[in-house]
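Below is one structure; the comments refer to it alone.
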Amino acid sequence: MGPPGAGKGTQAKFIAEHFAIPAISTGDIFRANVTSGTELGVEAKRYMDAGEYVPDEVTNQMVRNRIDEPDAEPGFLLDGYPRTLAQVEELDGMIKHTGHALDAVVVLTVNQDEVVDRLLQRAETEGRADDTAEVIRRRQEIYAEETAPLIEVYRDRGLLIEVDGLGEIDDVTQRIFDALDVVPQS
Ligand code: AMP
């Protein structure tokens, strides 16, 4: 977890590689569907371009299908999901059904003002339609309203690992690994 521009996607890939599990990014799956013009992509694009969340039912079903794939059987890392309290509940049901349990929830903490520049830079290199100043502001707002409350939910469950997301990419990765090592594996 972490606000837009915290570096979730970048760090998710390193963690998934380390544990030899798939990194499942809901944002990437939506973008792939937008590119290939599927029905899901057409629906998701309306929300994404505005910086809003795609409706829970659509997102939940997509994640449910993805974690049922054989490569996720040994475990998986979710990047950008859950983002709402309803998604937390859905995920609980999904993983119970697969026999998995959540080991850890990593939150990358960053100063929102400082990451706006990072996001505007990404707009130039990756050309994401939702990396305009106006949409970034909306994505930050919706993160604060809908997703930030999840931090307390996972803190209460004893799963939360908070890591400073500012600084060099390698340093942040090292902080995450250091923190994960102290999490008892169940
Ligand atoms: P991301 O790449 O994680 O920043 O996601 C890009 C966009 O995809 C978000 O701004 C949302 O519009 C949509 N999205 C990704 N994950 C979710 C989710 N868990 N729930 C709802 N919408 C999502």
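Chain labels A, B, ... are given in the sequence in which chains occur in the structure tokens; within each chain residues are numbered consecutively from 1, and ligands are likewise numbered from 1 in the order shown.
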### Task
Among the residues of range 67-162 of chain A, find those DSSP assigns to alpha helix (DSSP H) from the backbone and print them as number ranges by chain.
A: 67, 85-98, 112-126, 133-142, 149-156
### Message
Taking only range 94-179 of chain A into account, list the residues labelled strand (DSSP E or B) by DSSP (computed from the backbone), as an MDAnalysis selection string.
### Response
chainID A and resid 105:109 160:164
### Task
Could you tell me, counting only C-alpha atoms and all ligand atoms, which protein and nucleic acid residues lie no more than 9 Å from ligand 1, written as a PyMOL selection string?
chain A and resi 3-5+8-9+25-31+44-56+58-60+63+79-84+87+130+135-136+139+142-143
### Message
Residues near range 98-101 of chain A, anyone? I mean within 10 Å using only C-alpha atoms, not counting same-chain ones fewer than 4 positions away, as a ChimeraX atom specification.
### Response
/A:67-68,72-76,92-94,186
Mind dumping the selected residues with N, CA and C atoms as a PDB file, in the first residue's frame?
```pdb
ATOM      1  N   ILE A  67      -5.997 -14.735  -8.793  1.00  0.00           N
ATOM      2  CA  ILE A  67      -5.312 -15.538  -7.769  1.00  0.00           C
ATOM      3  C   ILE A  67      -5.700 -17.014  -7.839  1.00  0.00           C
ATOM      4  N   ASP A  68      -6.682 -17.313  -8.688  1.00  0.00           N
ATOM      5  CA  ASP A  68      -7.008 -18.718  -8.938  1.00  0.00           C
ATOM      6  C   ASP A  68      -6.099 -19.338  -9.998  1.00  0.00           C
ATOM      7  N   ALA A  72      -0.191 -18.581  -8.923  1.00  0.00           N
ATOM      8  CA  ALA A  72      -0.396 -17.926  -7.629  1.00  0.00           C
ATOM      9  C   ALA A  72      -0.588 -18.937  -6.499  1.00  0.00           C
ATOM     10  N   GLU A  73      -0.567 -20.200  -6.861  1.00  0.00           N
ATOM     11  CA  GLU A  73      -0.825 -21.237  -5.860  1.00  0.00           C
ATOM     12  C   GLU A  73       0.203 -21.217  -4.710  1.00  0.00           C
ATOM     13  N   PRO A  74       1.511 -21.045  -4.993  1.00  0.00           N
ATOM     14  CA  PRO A  74       2.475 -21.019  -3.886  1.00  0.00           C
ATOM     15  C   PRO A  74       2.443 -19.717  -3.058  1.00  0.00           C
ATOM     16  N   GLY A  75       1.748 -18.711  -3.562  1.00  0.00           N
ATOM     17  CA  GLY A  75       1.694 -17.428  -2.874  1.00  0.00           C
ATOM     18  C   GLY A  75       1.714 -16.303  -3.895  1.00  0.00           C
ATOM     19  N   PHE A  76       1.457 -15.100  -3.437  1.00  0.00           N
ATOM     20  CA  PHE A  76       1.414 -13.961  -4.376  1.00  0.00           C
ATOM     21  C   PHE A  76       1.558 -12.667  -3.610  1.00  0.00           C
ATOM     22  N   ASP A  92     -10.335 -11.298   2.239  1.00  0.00           N
ATOM     23  CA  ASP A  92     -10.354 -12.274   3.337  1.00  0.00           C
ATOM     24  C   ASP A  92     -11.061 -13.555   2.894  1.00  0.00           C
ATOM     25  N   GLY A  93     -12.204 -13.378   2.233  1.00  0.00           N
ATOM     26  CA  GLY A  93     -12.978 -14.532   1.759  1.00  0.00           C
ATOM     27  C   GLY A  93     -12.215 -15.316   0.702  1.00  0.00           C
ATOM     28  N   MET A  94     -11.583 -14.585  -0.210  1.00  0.00           N
ATOM     29  CA  MET A  94     -10.866 -15.244  -1.312  1.00  0.00           C
ATOM     30  C   MET A  94      -9.717 -16.095  -0.807  1.00  0.00           C
ATOM     31  N   SER A 186       4.160 -17.609   8.963  1.00  0.00           N
ATOM     32  CA  SER A 186       3.216 -18.593   9.519  1.00  0.00           C
ATOM     33  C   SER A 186       3.150 -19.819   8.629  1.00  0.00           C
TER      34      SER A 186
END
```
#### Entry: Contacts of range 112-122 of chain A within 12 Å, only C-alpha atoms, excl. fewer than 4 positions in-chain, as a ChimeraX atom specification
/A:2-7,108,126-141,143-144,165-167
### Query
So what do you get for CA of His97 in chain A versus CA of Leu78 in chain A, distance-wise?
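Distance between the two atoms: 16.7 Å.
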